$ cat my_file.pdb   # PDB, C-alpha atoms
ATOM      1  CA  MET A   1      54.791 321.130 104.448
ATOM      2  CA  PRO A   2      57.710 321.142 106.930
ATOM      3  CA  ASN A   3      59.060 317.853 108.240
ATOM      4  CA  MET A   4      57.573 317.492 111.750
ATOM      5  CA  TYR A   5      59.332 314.240 112.535
ATOM      6  CA  GLN A   6      61.626 314.623 115.533
ATOM      7  CA  PRO A   7      63.578 311.436 116.244
ATOM      8  CA  SER A   8      64.212 310.696 119.876
ATOM      9  CA  THR A   9      66.177 308.168 121.844
ATOM     10  CA  ILE A  10      65.980 306.867 125.375
ATOM     11  CA  GLU A  11      69.170 307.411 127.299
ATOM     12  CA  GLY A  12      69.597 305.964 130.747
ATOM     13  CA  PRO A  13      67.036 304.305 133.051
ATOM     14  CA  VAL A  14      63.283 304.309 132.379
ATOM     15  CA  THR A  15      60.582 303.729 135.018
ATOM     16  CA  PHE A  16      57.584 301.443 134.408
ATOM     17  CA  GLN A  17      54.862 299.796 136.452
ATOM     18  CA  ALA A  18      55.749 296.210 137.442
ATOM     19  CA  ASN A  19      53.312 293.495 136.408
ATOM     20  CA  GLY A  20      54.259 290.997 139.116
ATOM     21  CA  ALA A  21      57.200 291.068 141.506
ATOM     22  CA  ILE A  22      60.545 291.566 139.728
ATOM     23  CA  GLY A  23      63.981 290.912 141.239
ATOM     24  CA  GLN A  24      67.045 293.115 140.871
ATOM     25  CA  GLY A  25      69.004 292.398 137.684
ATOM     26  CA  ILE A  26      66.193 290.348 136.137
ATOM     27  CA  ARG A  27      65.445 290.751 132.391
ATOM     28  CA  VAL A  28      62.092 292.405 131.666
ATOM     29  CA  LYS A  29      59.795 292.752 128.648
ATOM     30  CA  VAL A  30      57.064 295.244 127.805
ATOM     31  CA  ASP A  31      53.588 293.761 128.247
ATOM     32  CA  SER A  32      51.181 293.886 125.311
ATOM     33  CA  THR A  33      48.450 295.814 127.168
ATOM     34  CA  LEU A  34      48.322 298.850 129.464
ATOM     35  CA  ASP A  35      47.412 298.467 133.141
ATOM     36  CA  ALA A  36      43.595 298.574 133.320
ATOM     37  CA  THR A  37      43.556 300.809 136.404
ATOM     38  CA  THR A  38      46.413 303.236 135.843
ATOM     39  CA  GLY A  39      46.733 303.173 132.053
ATOM     40  CA  GLN A  40      50.525 302.848 132.442
ATOM     41  CA  VAL A  41      52.841 300.733 130.345
ATOM     42  CA  THR A  42      53.744 297.652 132.365
ATOM     43  CA  VAL A  43      56.728 295.315 132.283
ATOM     44  CA  SER A  44      57.076 291.756 133.510
ATOM     45  CA  ILE A  45      59.773 289.108 133.773
ATOM     46  CA  ALA A  46      61.047 288.055 130.342
ATOM     47  CA  GLY A  47      60.934 284.382 129.443
ATOM     48  CA  ALA A  48      63.598 282.521 127.488
ATOM     49  CA  ALA A  49      62.367 283.495 124.014
ATOM     50  CA  ASP A  50      60.952 286.943 124.912
ATOM     51  CA  LYS A  51      62.641 290.067 123.582
ATOM     52  CA  SER A  52      63.791 291.862 126.714
ATOM     53  CA  ILE A  53      64.151 295.643 126.907
ATOM     54  CA  GLY A  54      66.567 295.704 129.833
ATOM     55  CA  THR A  55      67.101 294.678 133.432
ATOM     56  CA  ALA A  56      65.507 295.824 136.685
ATOM     57  CA  ARG A  57      67.859 298.216 138.488
ATOM     58  CA  ASP A  58      66.226 297.344 141.815
ATOM     59  CA  ALA A  59      63.652 294.804 142.974
ATOM     60  CA  ALA A  60      59.996 295.832 142.613
ATOM     61  CA  VAL A  61      56.721 294.599 144.093
ATOM     62  CA  ASP A  62      53.665 293.809 141.966
ATOM     63  CA  ASN A  63      52.120 297.083 140.693
ATOM     64  CA  GLY A  64      55.073 299.041 142.076
ATOM     65  CA  GLN A  65      57.464 301.182 140.079
ATOM     66  CA  VAL A  66      60.489 299.472 138.542
ATOM     67  CA  THR A  67      63.429 301.299 137.015
ATOM     68  CA  VAL A  68      64.741 299.505 133.940
ATOM     69  CA  LEU A  69      68.301 299.793 132.625
ATOM     70  CA  PRO A  70      67.761 299.517 128.844
ATOM     71  CA  ILE A  71      69.678 297.092 126.646
ATOM     72  CA  SER A  72      70.983 299.928 124.560
ATOM     73  CA  GLY A  73      74.540 300.199 125.704
ATOM     74  CA  VAL A  74      77.627 298.173 125.021
ATOM     75  CA  SER A  75      77.209 295.920 128.044
ATOM     76  CA  GLY A  76      74.779 294.933 130.783
ATOM     77  CA  VAL A  77      74.725 293.030 134.065
ATOM     78  CA  TYR A  78      72.422 290.016 134.353
ATOM     79  CA  VAL A  79      71.529 287.305 136.895
ATOM     80  CA  SER A  80      72.754 283.795 136.064
ATOM     81  CA  ALA A  81      70.456 280.776 135.865
ATOM     82  CA  GLY A  82      73.467 278.528 136.451
ATOM     83  CA  ALA A  83      77.159 278.354 135.678
ATOM     84  CA  VAL A  84      78.326 280.618 132.821
ATOM     85  CA  ALA A  85      81.761 280.344 131.203
ATOM     86  CA  LEU A  86      83.893 283.383 130.460
ATOM     87  CA  GLY A  87      83.674 284.205 126.730
ATOM     88  CA  SER A  88      80.568 282.099 126.121
ATOM     89  CA  LEU A  89      77.468 283.148 124.178
ATOM     90  CA  VAL A  90      74.866 284.244 126.731
ATOM     91  CA  LYS A  91      71.152 283.683 126.145
ATOM     92  CA  GLY A  92      67.975 284.547 128.025
ATOM     93  CA  THR A  93      66.322 281.819 130.091
ATOM     94  CA  ALA A  94      63.070 281.450 131.959
ATOM     95  CA  ALA A  95      62.503 283.686 134.981
ATOM     96  CA  GLY A  96      64.425 286.554 133.351
ATOM     97  CA  LYS A  97      67.871 285.083 133.962
ATOM     98  CA  VAL A  98      70.711 284.154 131.588
ATOM     99  CA  ASP A  99      72.999 281.214 130.871
ATOM    100  CA  ASP A 100      75.304 279.804 128.199
ATOM    101  CA  ALA A 101      73.523 276.490 127.641
ATOM    102  CA  VAL A 102      72.601 275.478 124.109
ATOM    103  CA  GLY A 103      68.999 276.450 123.504
ATOM    104  CA  THR A 104      66.615 278.839 121.835
ATOM    105  CA  GLY A 105      66.660 281.767 124.266
ATOM    106  CA  GLU A 106      67.172 285.380 123.230
ATOM    107  CA  HIS A 107      70.812 285.960 122.224
ATOM    108  CA  LEU A 108      72.270 288.765 124.338
ATOM    109  CA  GLY A 109      76.044 288.674 123.826
ATOM    110  CA  ILE A 110      79.326 287.380 125.241
ATOM    111  CA  ALA A 111      80.076 286.768 128.948
ATOM    112  CA  LEU A 112      82.913 288.989 130.203
ATOM    113  CA  ASN A 113      83.165 287.080 133.478
ATOM    114  CA  ALA A 114      82.369 283.588 134.714
ATOM    115  CA  ALA A 115      79.543 282.646 137.060
ATOM    116  CA  ALA A 116      79.946 279.478 139.121
ATOM    117  CA  ALA A 117      76.330 279.000 140.160
ATOM    118  CA  VAL A 118      72.773 280.287 139.997
ATOM    119  CA  ASP A 119      72.019 283.912 141.003
ATOM    120  CA  GLU A 120      75.501 285.290 140.353
ATOM    121  CA  TRP A 121      76.135 288.493 138.355
ATOM    122  CA  VAL A 122      77.230 288.121 134.720
ATOM    123  CA  LEU A 123      78.634 291.057 132.748
ATOM    124  CA  VAL A 124      77.647 290.674 129.087
ATOM    125  CA  MET A 125      79.029 292.499 126.050
ATOM    126  CA  HIS A 126      75.887 292.993 123.944
ATOM    127  CA  SER A 127      76.025 291.231 120.568
ATOM    128  CA  PRO A 128      72.419 290.165 119.925
ATOM    129  CA  ASN A 129      73.040 289.090 116.309
ATOM    130  CA  MET A 130      75.420 286.286 117.276
ATOM    131  CA  THR A 131      74.182 282.712 117.033
ATOM    132  CA  GLY A 132      75.310 279.505 118.578
TER     133      GLY A 132
END

$ encode --input "my_file.pdb" --output "structure tokens"
Amino acid sequence: MPNMYQPSTIEGPVTFQANGAIGQGIRVKVDSTLDATTGQVTVSIAGAADKSIGTARDAAVDNGQVTVLPISGVSGVYVSAGAVALGSLVKGTAAGKVDDAVGTGEHLGIALNAAAAVDEWVLVMHSPNMTG
């Protein structure tokens, strides 16, 4: 029998249905169930320990369409939950944001710029296997 397996990859943005309002640049996760009405895969804001799939390219309203920039490239842009130091290990926090505080959040990588306060952009070089 011939091998019918055809591997595929996702390149570039992917659109999902938003389960709740999602802000621009916020980390999102895939929900465990399909939307009961539309049958679509939904995404919601990732918590500190959730495995995020990417960030929202633009803000989305509840049940609206949200375009997600996958965490598949070398780097990504995230929203800070507070001050982040250049070169620090960046982790996911509650509300889909990131910071460099010691904790148990999802490890994303190294900050390539500093953020002075909450809701600033942080460029992160993806290195999810780092610990600290």

$ resolve_selection --input "my_file.pdb" --expression "the PyMOL selection byres ((chain A and resi 116-130) around 6)" --output "short mmCIF file (atom, residue, chain, number, x, y, z; two decimals) with C-alpha atoms, in the coordinates of the input"
data_model
loop_
_atom_site.label_atom_id
_atom_site.label_comp_id
_atom_site.auth_asym_id
_atom_site.auth_seq_id
_atom_site.Cartn_x
_atom_site.Cartn_y
_atom_site.Cartn_z
CA VAL A 74 77.63 298.17 125.02
CA SER A 75 77.21 295.92 128.04
CA GLY A 76 74.78 294.93 130.78
CA VAL A 77 74.72 293.03 134.06
CA TYR A 78 72.42 290.02 134.35
CA VAL A 79 71.53 287.30 136.90
CA SER A 80 72.75 283.80 136.06
CA ALA A 81 70.46 280.78 135.86
CA GLY A 82 73.47 278.53 136.45
CA ALA A 83 77.16 278.35 135.68
CA HIS A 107 70.81 285.96 122.22
CA LEU A 108 72.27 288.76 124.34
CA GLY A 109 76.04 288.67 123.83
CA ILE A 110 79.33 287.38 125.24
CA ALA A 111 80.08 286.77 128.95
CA LEU A 112 82.91 288.99 130.20
CA ALA A 115 79.54 282.65 137.06
CA THR A 131 74.18 282.71 117.03
#

$ atom_distance --input "my_file.pdb" --atom1 "atom CA of Asn63 of chain A" --atom2 "atom CA of Gly12 of chain A"
22.0 Å

$ atom_distance --input "my_file.pdb" --atom1 "atom CA of Leu89 of chain A" --atom2 "atom CA of Gln24 of chain A"
22.1 Å

$ atom_distance --input "my_file.pdb" --atom1 "atom CA of Lys51 of chain A" --atom2 "atom CA of Thr93 of chain A"
11.1 Å

$ residues_around --input "my_file.pdb" --residues "Gly23 of chain A" --least-positions-apart "6" --cutoff "8 Å" --atoms "only C-alpha atoms" --output "compact mmCIF listing (two decimals) with C-alpha atoms, in the frame of the given file"
# COMPACT_ATOMS: atom_id res chain seq x y z
CA ALA A 56 65.51 295.82 136.68
CA ASP A 58 66.23 297.34 141.82
CA ALA A 59 63.65 294.80 142.97
CA ALA A 60 60.00 295.83 142.61

$ residues_around --input "my_file.pdb" --residues "Gly96 of chain A" --least-positions-apart "5" --cutoff "10 Å" --atoms "only C-alpha atoms" --output "list of chain:residue names"
A:Ile22, A:Gly23, A:Gly25, A:Ile26, A:Arg27, A:Val28, A:Lys29, A:Ser44, A:Ile45, A:Ala46, A:Gly47, A:Ala48, A:Asp50, A:Ser52, A:Thr55, A:Ala56, A:Tyr78, A:Val79, A:Ser80, A:Ala81

$ resolve_selection --input "my_file.pdb" --expression "the PyMOL selection byres ((chain A and resi 66) around 7)" --output "number ranges by chain"
A: 15-18, 56, 58, 60, 64-65, 67-68

$ closest_residue --input "my_file.pdb" --among "A:Gly54, A:Asn19, A:Gly105, A:Leu69" --to "Thr38 of chain A" --atoms "only C-alpha atoms"
A:Asn19

$ closest_residue --input "my_file.pdb" --among "A:Thr42, A:Asn113, A:Ser32, A:Thr37" --to "Gly87 of chain A" --atoms "all atoms listed in the file"
A:Asn113

$ closest_residue --input "my_file.pdb" --among "A:Ile71, A:Val41, A:Ala36, A:Val30" --to "Pro13 of chain A" --atoms "all atoms listed in the file"
A:Ile71

$ build_atoms --input "my_file.pdb" --residues "segment 112-123 of chain A" --atoms "N, CA and C atoms" --output "PDB file, in the frame of the given file"
ATOM      1  N   LEU A 112      81.608 288.393 129.911  1.00  0.00           N
ATOM      2  CA  LEU A 112      82.913 288.989 130.203  1.00  0.00           C
ATOM      3  C   LEU A 112      83.450 288.552 131.564  1.00  0.00           C
ATOM      4  N   ASN A 113      82.696 287.706 132.251  1.00  0.00           N
ATOM      5  CA  ASN A 113      83.165 287.080 133.478  1.00  0.00           C
ATOM      6  C   ASN A 113      82.478 285.727 133.602  1.00  0.00           C
ATOM      7  N   ALA A 114      82.971 284.901 134.484  1.00  0.00           N
ATOM      8  CA  ALA A 114      82.369 283.588 134.714  1.00  0.00           C
ATOM      9  C   ALA A 114      81.452 283.649 135.934  1.00  0.00           C
ATOM     10  N   ALA A 115      80.419 282.836 135.898  1.00  0.00           N
ATOM     11  CA  ALA A 115      79.543 282.646 137.060  1.00  0.00           C
ATOM     12  C   ALA A 115      79.605 281.169 137.420  1.00  0.00           C
ATOM     13  N   ALA A 116      79.790 280.869 138.690  1.00  0.00           N
ATOM     14  CA  ALA A 116      79.946 279.478 139.121  1.00  0.00           C
ATOM     15  C   ALA A 116      78.620 278.796 139.426  1.00  0.00           C
ATOM     16  N   ALA A 117      77.594 279.587 139.709  1.00  0.00           N
ATOM     17  CA  ALA A 117      76.330 279.000 140.160  1.00  0.00           C
ATOM     18  C   ALA A 117      75.160 279.935 139.837  1.00  0.00           C
ATOM     19  N   VAL A 118      73.988 279.498 140.199  1.00  0.00           N
ATOM     20  CA  VAL A 118      72.773 280.287 139.997  1.00  0.00           C
ATOM     21  C   VAL A 118      72.811 281.571 140.831  1.00  0.00           C
ATOM     22  N   ASP A 119      72.177 282.617 140.333  1.00  0.00           N
ATOM     23  CA  ASP A 119      72.019 283.912 141.003  1.00  0.00           C
ATOM     24  C   ASP A 119      73.324 284.672 141.231  1.00  0.00           C
ATOM     25  N   GLU A 120      74.292 284.479 140.338  1.00  0.00           N
ATOM     26  CA  GLU A 120      75.501 285.290 140.353  1.00  0.00           C
ATOM     27  C   GLU A 120      75.399 286.325 139.232  1.00  0.00           C
ATOM     28  N   TRP A 121      76.138 287.428 139.358  1.00  0.00           N
ATOM     29  CA  TRP A 121      76.135 288.493 138.355  1.00  0.00           C
ATOM     30  C   TRP A 121      76.993 288.085 137.169  1.00  0.00           C
ATOM     31  N   VAL A 122      76.487 288.377 135.947  1.00  0.00           N
ATOM     32  CA  VAL A 122      77.230 288.121 134.720  1.00  0.00           C
ATOM     33  C   VAL A 122      77.256 289.416 133.906  1.00  0.00           C
ATOM     34  N   LEU A 123      78.463 289.885 133.604  1.00  0.00           N
ATOM     35  CA  LEU A 123      78.634 291.057 132.748  1.00  0.00           C
ATOM     36  C   LEU A 123      78.664 290.576 131.313  1.00  0.00           C
TER      37      LEU A 123
END
